[in-house]
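Written below as structure tokens is the structure these notes are about.
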Amino acid sequence: MYRSKLLALLLSFAFVPAHATVSKSQCYGTVNSGRIENSVKLLDSGPNFSAYSPIAASAGRTYVHSKVAEIIVSTYATLATERPTTLYVYGETGLASGGRFRPHRSHQNGTSVDFFVPVKNALGKSVRLPTGIMTRFGYDIEFDANAKYKEYSIDFEAMAEHLYQLNRAAKAQGSGISLLIFDTQYLPKLFATPRGSYLQQNLLFMQRKPWVRHDEHYHVDFKVACKPNTG
């Protein structure tokens, strides 16, 4: 127990974004109409996690609010000790302050993050979902009604554990999760996991059909106090 806690502490220091200790971020407006100042870049990879694309990361598309970065860092540190065989891949987050490209539609102010679903291969082994350029960095992947894509199957238990730890980390940081977007046809499978009842009782899942299908990834909006968007 002591060794696990010590490892989690060491990992948390290793994951801290380079700019997180320099300045705090300030978000404005909403996820659909907003902006951010002093956003911080998440690491491209670490124990048990990686960014969806080195290209996208180099282009500045993995920046978030400093509070969100702290939550994600804490969550990965916990998962690295408790579920070391599962690889978690995060996707689109936001842009560096003053970025040249238009942010993803619902990632305007740095308080939202996409996470690609954890998967297992045909042998039941945890593997990385292929998020290369040929699949538009993973966003063109389509899972079927049985939650399968080629030889990959969604690991709902690992996903549920991630959401559980993410919500706990958010609350510990004085924040929370305001909304989760995931394909509704898969929610029964997610809620059937050991963490399912907790997720149903503590998290809000969008029930209407989103503008694009969210099967290969789940979108998370974090509760962060933002100023009015007057810019």
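Residues in the structure tokens are named by chain (A, B, ... in the order shown) and by number from 1 within that chain; ligands are numbered from 1 in the order shown.
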
- Tell me, as JSON, numbers by chain, which residues lie within 12 Å of Val31 (chain A), counting only C-alpha atoms; anything in the same chain fewer than 5 positions away does not count. {"A": [36, 64, 65, 93, 94, 103, 104, 105, 106, 107, 108, 109, 110, 111, 112, 113, 178, 179, 219, 220, 221, 222, 223, 224, 225, 226, 228, 229]}

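Closest approach to Leu163 (chain A) from the set A:Leu79, A:Val68, A:Ile55, A:Leu129 is made by A:Leu79, with distances taken over only C-alpha atoms.
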
- Query: What lies within 9 Å of Thr193 (chain A) using only C-alpha atoms, ignoring chain neighbours under 2 positions off, as a ChimeraX atom specification?
  - Reply: /A:156-157,160-161,189-191,195-197

- Item | Shortest interatomic distance to Tyr90 (chain A) - which of A:Met134, A:Leu43, A:Ile141, A:Leu123, counting only C-alpha atoms | A:Leu43

- Surrounding residues of Ala172 (chain A) excluding itself and chain neighbours under 2 positions, 12 Å, only C-alpha atoms, as a list in words: Lys67, Val68, Glu70, Ile71, Ile72, Ser74, Thr75, Gln165, Leu166, Asn167, Arg168, Ala169, Ala170, Gly174, Ser175, Gly176 and Ile177 of chain A

May I have the selected residues written with N, CA and C atoms, as a short mmCIF file (atom, residue, chain, number, x, y, z; two decimals), in the first residue's frame?
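Saved to result35.cif:
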```cif
data_model
loop_
_atom_site.label_atom_id
_atom_site.label_comp_id
_atom_site.auth_asym_id
_atom_site.auth_seq_id
_atom_site.Cartn_x
_atom_site.Cartn_y
_atom_site.Cartn_z
N LYS A 67 -6.49 23.83 -14.48
CA LYS A 67 -7.26 23.02 -13.53
C LYS A 67 -7.60 21.66 -14.13
N VAL A 68 -7.97 21.63 -15.40
CA VAL A 68 -8.28 20.38 -16.09
C VAL A 68 -7.02 19.53 -16.19
N GLU A 70 -4.53 19.44 -14.11
CA GLU A 70 -4.28 18.86 -12.79
C GLU A 70 -5.15 17.63 -12.55
N ILE A 71 -6.41 17.72 -12.98
CA ILE A 71 -7.34 16.60 -12.81
C ILE A 71 -6.88 15.39 -13.61
N ILE A 72 -6.51 15.63 -14.87
CA ILE A 72 -6.09 14.53 -15.74
C ILE A 72 -4.79 13.91 -15.24
N SER A 74 -3.65 13.82 -12.17
CA SER A 74 -3.94 13.04 -10.96
C SER A 74 -4.60 11.71 -11.31
N THR A 75 -5.51 11.74 -12.26
CA THR A 75 -6.21 10.52 -12.67
C THR A 75 -5.25 9.51 -13.28
N GLN A 165 -12.40 7.41 -11.59
CA GLN A 165 -11.22 8.08 -11.05
C GLN A 165 -11.16 9.54 -11.50
N LEU A 166 -11.62 9.81 -12.71
CA LEU A 166 -11.63 11.18 -13.23
C LEU A 166 -12.56 12.06 -12.40
N ASN A 167 -13.73 11.54 -12.07
CA ASN A 167 -14.68 12.31 -11.26
C ASN A 167 -14.16 12.52 -9.85
N ARG A 168 -13.54 11.49 -9.26
CA ARG A 168 -12.97 11.63 -7.93
C ARG A 168 -11.85 12.67 -7.91
N ALA A 169 -11.01 12.65 -8.94
CA ALA A 169 -9.91 13.62 -9.03
C ALA A 169 -10.45 15.03 -9.20
N ALA A 170 -11.50 15.17 -9.99
CA ALA A 170 -12.11 16.48 -10.23
C ALA A 170 -12.66 17.05 -8.92
N GLY A 174 -11.66 20.48 -6.28
CA GLY A 174 -12.69 21.50 -6.11
C GLY A 174 -13.46 21.77 -7.38
N SER A 175 -13.45 20.80 -8.29
CA SER A 175 -14.14 20.94 -9.57
C SER A 175 -15.17 19.81 -9.69
N GLY A 176 -15.39 19.36 -10.90
CA GLY A 176 -16.33 18.28 -11.15
C GLY A 176 -16.46 18.06 -12.64
N ILE A 177 -17.38 17.21 -13.02
CA ILE A 177 -17.68 16.96 -14.43
C ILE A 177 -19.11 17.39 -14.69
#
```

- Per DSSP on the backbone, filter region 9-218 of chain A down to the residues in helix (DSSP H, G or I) and report them as a VMD selection string. chain A and resid 9 to 15 54 to 58 66 to 82 133 to 135 156 to 172 184 to 191 196 to 202

- Using only C-alpha atoms, the shortest atom-to-atom distance to Arg136 (chain A) among A:Val40, A:Ala51, A:Met206, A:Ala56 belongs to A:Ala56

- Message: List the spatial neighbours of region 46-49 of chain A as a list in words - criterion: any atom at most 9 Å away, only C-alpha atoms, same-chain residues fewer than 3 positions off excluded.
- Response: Leu11, Ala14, Phe15, Leu43, Tyr76, Ala77, Leu79, Ala80, Thr81, Arg83, Pro84, Thr85, Thr86, Leu87, Tyr88, Val89 and Tyr90 of chain A

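For the atom pair formed by CA of Ile133 (chain A) and CA of Tyr63 (chain A), the distance is 19.9 Å, given to one decimal.
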
- Message: Run DSSP on the backbone and tell me which residues of region 142-206 of chain A come out as strand (DSSP E or B); list them as a PyMOL selection string.
- Response: chain A and resi 148-149+152-154+177-181+205

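The space separating CA of Lys171 (chain A) from CA of Asp114 (chain A) comes to 19.1 Å.
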
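Counting from CA of Glu151 (chain A), the distance to CA of Phe137 (chain A) is 18.0 Å.
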
- Using only C-alpha atoms, which residues sit within 10 Å of Arg128 (chain A) once same-chain residues fewer than 2 positions away are excluded, as a PyMOL selection string? chain A and resi 49-50+52+86-89+116-121+125-126+130-131+152
